[in-house]
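Student: What follows is a structure written as structure tokens; I'll ask about it next.
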Amino acid sequence: MLRECRELARHGKRSLRHATSTSDHGTGLSEDQQSQTWPQPIAGERRRVAITGVGAVTPLGLGARTLHERWLAGVSGIVDGVGRCSEFDPREHLSAKEARRADRFTQLAIVAADEALRDAGLVAGEHYPADRVGCLIATGIGGIATIEQQHVVLMERGAERVSPLAVPLLMANAAAGVISMRHGLRGPSYAVASACASGAHALVCAHRMVAYGDADAVVVGGSEAALTSLAMAAFAAMEATSRSGLSCPFDRRRDGFVLGEGAGVLVLESERAARARGARILGYLRGCGMTSDAHHLTAPEPGGRGAARAIELALEDAGVTPEDVVYINAHGTSTPLNDRTETEAIKEVFGTRAWQVPVSSLKSAVGHLLGAAGAVEAIALLLALRDRVAPPTLNYEQPEEGLDLDYVPNAAKPLAVEGGRPLIGISNSFGFGGHNAVLCIEAAA
């Protein structure tokens with residue numbers, strides 16, 4: 001299926017690339033500027049996809065590096081059973097008007113995207129034609145805070161008092177639209193929604209855009225702000241969230257996930273084009289794998305066959321083998337079924353080597369960020385590989401039979417990598433609905 005998609009993409013992009021390369025209408029760049037800053041893609045070529053910028057707002061604080069450093073130090077952002085972005089105040093980053101016109105999930109995404117673009121040193125219309133820079137921002141739920149607030153207005157004050165901004169605030173594609181307008185990103189732009197796999201699926205889509213020529217750069221990530229009365233009550237009613245308020249992935253005591261909020265955004269570019277503009281490359285999104293359990297709307301398939309196949313596809317797409325992987329950023333939700341299923345999937349793919357590869361879960365430190373999780377965890381994976389360290393799974397104290405991998409309990413440890421060997425890791429995301437998405441990332445040398 002991936003091969004068929006690639007062939008369609010290759011044939012379909014030739015005429016588009018020809019049309020784009022022979023006209024600068026709406027690009028803001030002269031032909032001389034385009035030839036200097038925009039290497040033309042070769043028809044049929046799969047371009048290597050570089051990561052040049054990252055940004056995050058999480059329960060561990062503001063910034064991608066803060067996320068990385070505090071997780072390595074064993075800091076937890078979970079307080080009173082929730083992972084809230086307590087250091088985030090929209091008034092410190094947005095004007096009063098901007099904040100008023102954005103649901104919290106969009107506010108978080110804006111700040112993460114601003115950081116990622118600063119980190120990449122990328123300006124649309126300057127380094128690339130604006131219509132060659134895309135924007136994909138995923139969410140699992142979208143503007144649920146707006147929905148709840150405006151429903152109260154409707155019930156208590158009547159239909160005429162419902163805000164005319166309600167729909168623009170609550171719609172799932174709001175973050176993608178606002179960020180595109182904020183930074184003049186005129187390339188492909190939309191939202192992705194596949195529950196807990198949304199952020200990872202957005203990165204898959206962005207990878208394909210850059211690899212096969214739909215865009216030269218994509219601002220991509222996920223955002224979620226569902227710490228609302230209805231969302232928390234609904235997850236509790238289905239017994240998905242922890243009654244103890246403790247996120248302890250792979251531990252015997254796990255009893256559900258801890259709900260969190262946050263956003264993570266990355267900048268992906270064609271490696272050749274990024275180098276041509278002098279960008280610093282942090283790493284590479286080498287490959288992606290996707291499957292569906294087709295089993296149950298909220299429970300993973302027993303044995304983890306769908307998850308295992310997604311891992312295999314990601315490795316195949318990246319052109320690597322299980323022996324090349326030095327670290328796994330687990331989905332690791334702290335739910336009884338998911339943690340066992342994910343462990344079984346890893347064992348199926350990695351065989352006897354499964355016990356030699358460190359596996360840790362960021363959700364132990366920030367909770368489950370739902371549609372933002374895959375993007376935030378991709379950033380965490382990249383920075384862990386860069387620093388050659390496996391971050392810890394916090395709160396791991398009581399082993400359970402069959403859950404016996406190296407979960408990096410409670411303290412970070414160095415990654416043992418032979419000299420000259422590239423640092424390659426995978427990040428797993430498995431969502432309600434049976435959606436499986438796996439990313440294979442390599443740190444820059």
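Every chain in the structure tokens takes a letter, A first, then B, and so on in the order presented; its residues are numbered from 1, and the ligands are numbered from 1 following the presented order.
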Need the shell around Ile311 (chain A): protein/DNA/RNA residues with any atom at most 7 Å away, counting only C-alpha atoms. Skip same-chain ones fewer than 4 positions apart. Format as a VMD selection string?

Tutor: chain A and resid 289 307 315 438

Student: Only N, CA and C atoms, please: the residues just picked out, written as an mmCIF file, in the first residue's frame.

Tutor:
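Writing the result to again-v1.cif gives the following:
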```
data_model
loop_
_atom_site.group_PDB
_atom_site.id
_atom_site.type_symbol
_atom_site.label_atom_id
_atom_site.label_comp_id
_atom_site.auth_asym_id
_atom_site.auth_seq_id
_atom_site.Cartn_x
_atom_site.Cartn_y
_atom_site.Cartn_z
ATOM 1 N N GLY A 289 5.071 4.336 9.634
ATOM 2 C CA GLY A 289 4.229 3.168 9.420
ATOM 3 C C GLY A 289 2.849 3.377 10.000
ATOM 4 N N ALA A 307 -0.225 -3.097 15.984
ATOM 5 C CA ALA A 307 0.858 -2.228 16.438
ATOM 6 C C ALA A 307 2.199 -2.727 15.928
ATOM 7 N N LEU A 315 9.966 0.839 10.010
ATOM 8 C CA LEU A 315 11.362 0.458 9.805
ATOM 9 C C LEU A 315 11.643 0.202 8.325
ATOM 10 N N VAL A 438 3.508 4.943 13.660
ATOM 11 C CA VAL A 438 4.863 4.826 14.214
ATOM 12 C C VAL A 438 5.812 5.668 13.375
#
```

Student: Region 66-80 of chain A: which residues within 6 Å, counting only C-alpha atoms, same-chain residues fewer than 3 positions away excluded, as a ChimeraX atom specification?

Tutor: /A:59-60,63,83,365-366,391,412

Student: DSSP on the backbone: what in region 101-192 of chain A comes out helix (DSSP H, G or I), as number ranges by chain?

Tutor: A: 104-120, 130-132, 144-157, 159-161, 166-170, 174-183

Student: Mind pulling up the distance from CA of Arg353 (chain A) to CA of Val49 (chain A)?

Tutor: 28.0 Å

Student: Provide the CA of Val167 (chain A) to CA of Ile147 (chain A) distance in Å, to one decimal place.

Tutor: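 Here the two named atoms are 8.7 Å from each other.
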
Student: Please identify all polymer residues within 8 Å of Thr106 (chain A), counting only C-alpha atoms, omitting same-chain residues fewer than 6 positions from it, and present them as a VMD selection string.

Tutor: chain A and resid 143 174 to 175 178 223

Student: For Leu136 (chain A), which of A:Gly177, A:Gly61, A:Gly425, A:Gly433 is the closest residue, counting only C-alpha atoms?

Tutor: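 When distances to Leu136 (chain A) are compared using only C-alpha atoms, the smallest one comes from A:Gly177.
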
Student: Excluding Pro409 (chain A) and residues on its chain fewer than 4 positions from it, collect all residues at most 8 Å away from it, counting only C-alpha atoms, and give them as an MDAnalysis selection string.

Tutor: chainID A and resid 392:397

Student: If you run DSSP on the backbone, which residues of region 111-228 of chain A are strand (DSSP E or B), as a list of chain:residue names?

Tutor: A:Ala124, A:Tyr128, A:Val133, A:Gly134, A:Cys135, A:Leu136, A:Ile137, A:Ala138, A:Ser189, A:Tyr190, A:Ser194, A:Cys196, A:Ala217, A:Val218, A:Val219, A:Val220, A:Gly221, A:Gly222, A:Ser223, A:Glu224

Student: Excluding Ile281 (chain A) and residues on its chain fewer than 2 positions from it, collect all residues at most 9 Å away from it, counting only C-alpha atoms, and give them as a ChimeraX atom specification.

Tutor: /A:50-53,120,271,274-275,279,283-284,443-444

Student: For the selection just defined, write its residues with C-alpha atoms to a file, as a PDB file, in the first residue's frame.

Tutor:
```pdb
ATOM      1  CA  ALA A  50      15.046  16.965   7.747  1.00  0.00           C
ATOM      2  CA  ILE A  51      13.818  18.322  11.088  1.00  0.00           C
ATOM      3  CA  THR A  52      15.058  21.882  11.514  1.00  0.00           C
ATOM      4  CA  GLY A  53      12.971  23.301  14.341  1.00  0.00           C
ATOM      5  CA  ALA A 120      14.352  26.664  12.375  1.00  0.00           C
ATOM      6  CA  GLU A 271      17.267  18.172   3.432  1.00  0.00           C
ATOM      7  CA  ALA A 274      17.429  23.153   4.132  1.00  0.00           C
ATOM      8  CA  ARG A 275      21.160  22.862   3.519  1.00  0.00           C
ATOM      9  CA  ALA A 279      19.633  25.726   8.145  1.00  0.00           C
ATOM     10  CA  GLY A 283      17.640  15.158  12.694  1.00  0.00           C
ATOM     11  CA  TYR A 284      15.615  13.305  10.101  1.00  0.00           C
ATOM     12  CA  ALA A 443      19.423  12.343  15.117  1.00  0.00           C
ATOM     13  CA  ALA A 444      21.810  14.449  13.058  1.00  0.00           C
TER      14      ALA A 444
END
```

Student: For Glu224 (chain A), which of A:His295, A:Arg100, A:Arg84, A:His207 is the closest residue, counting only C-alpha atoms?

Tutor: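 Among the listed residues, A:Arg84 lies closest to Glu224 (chain A).
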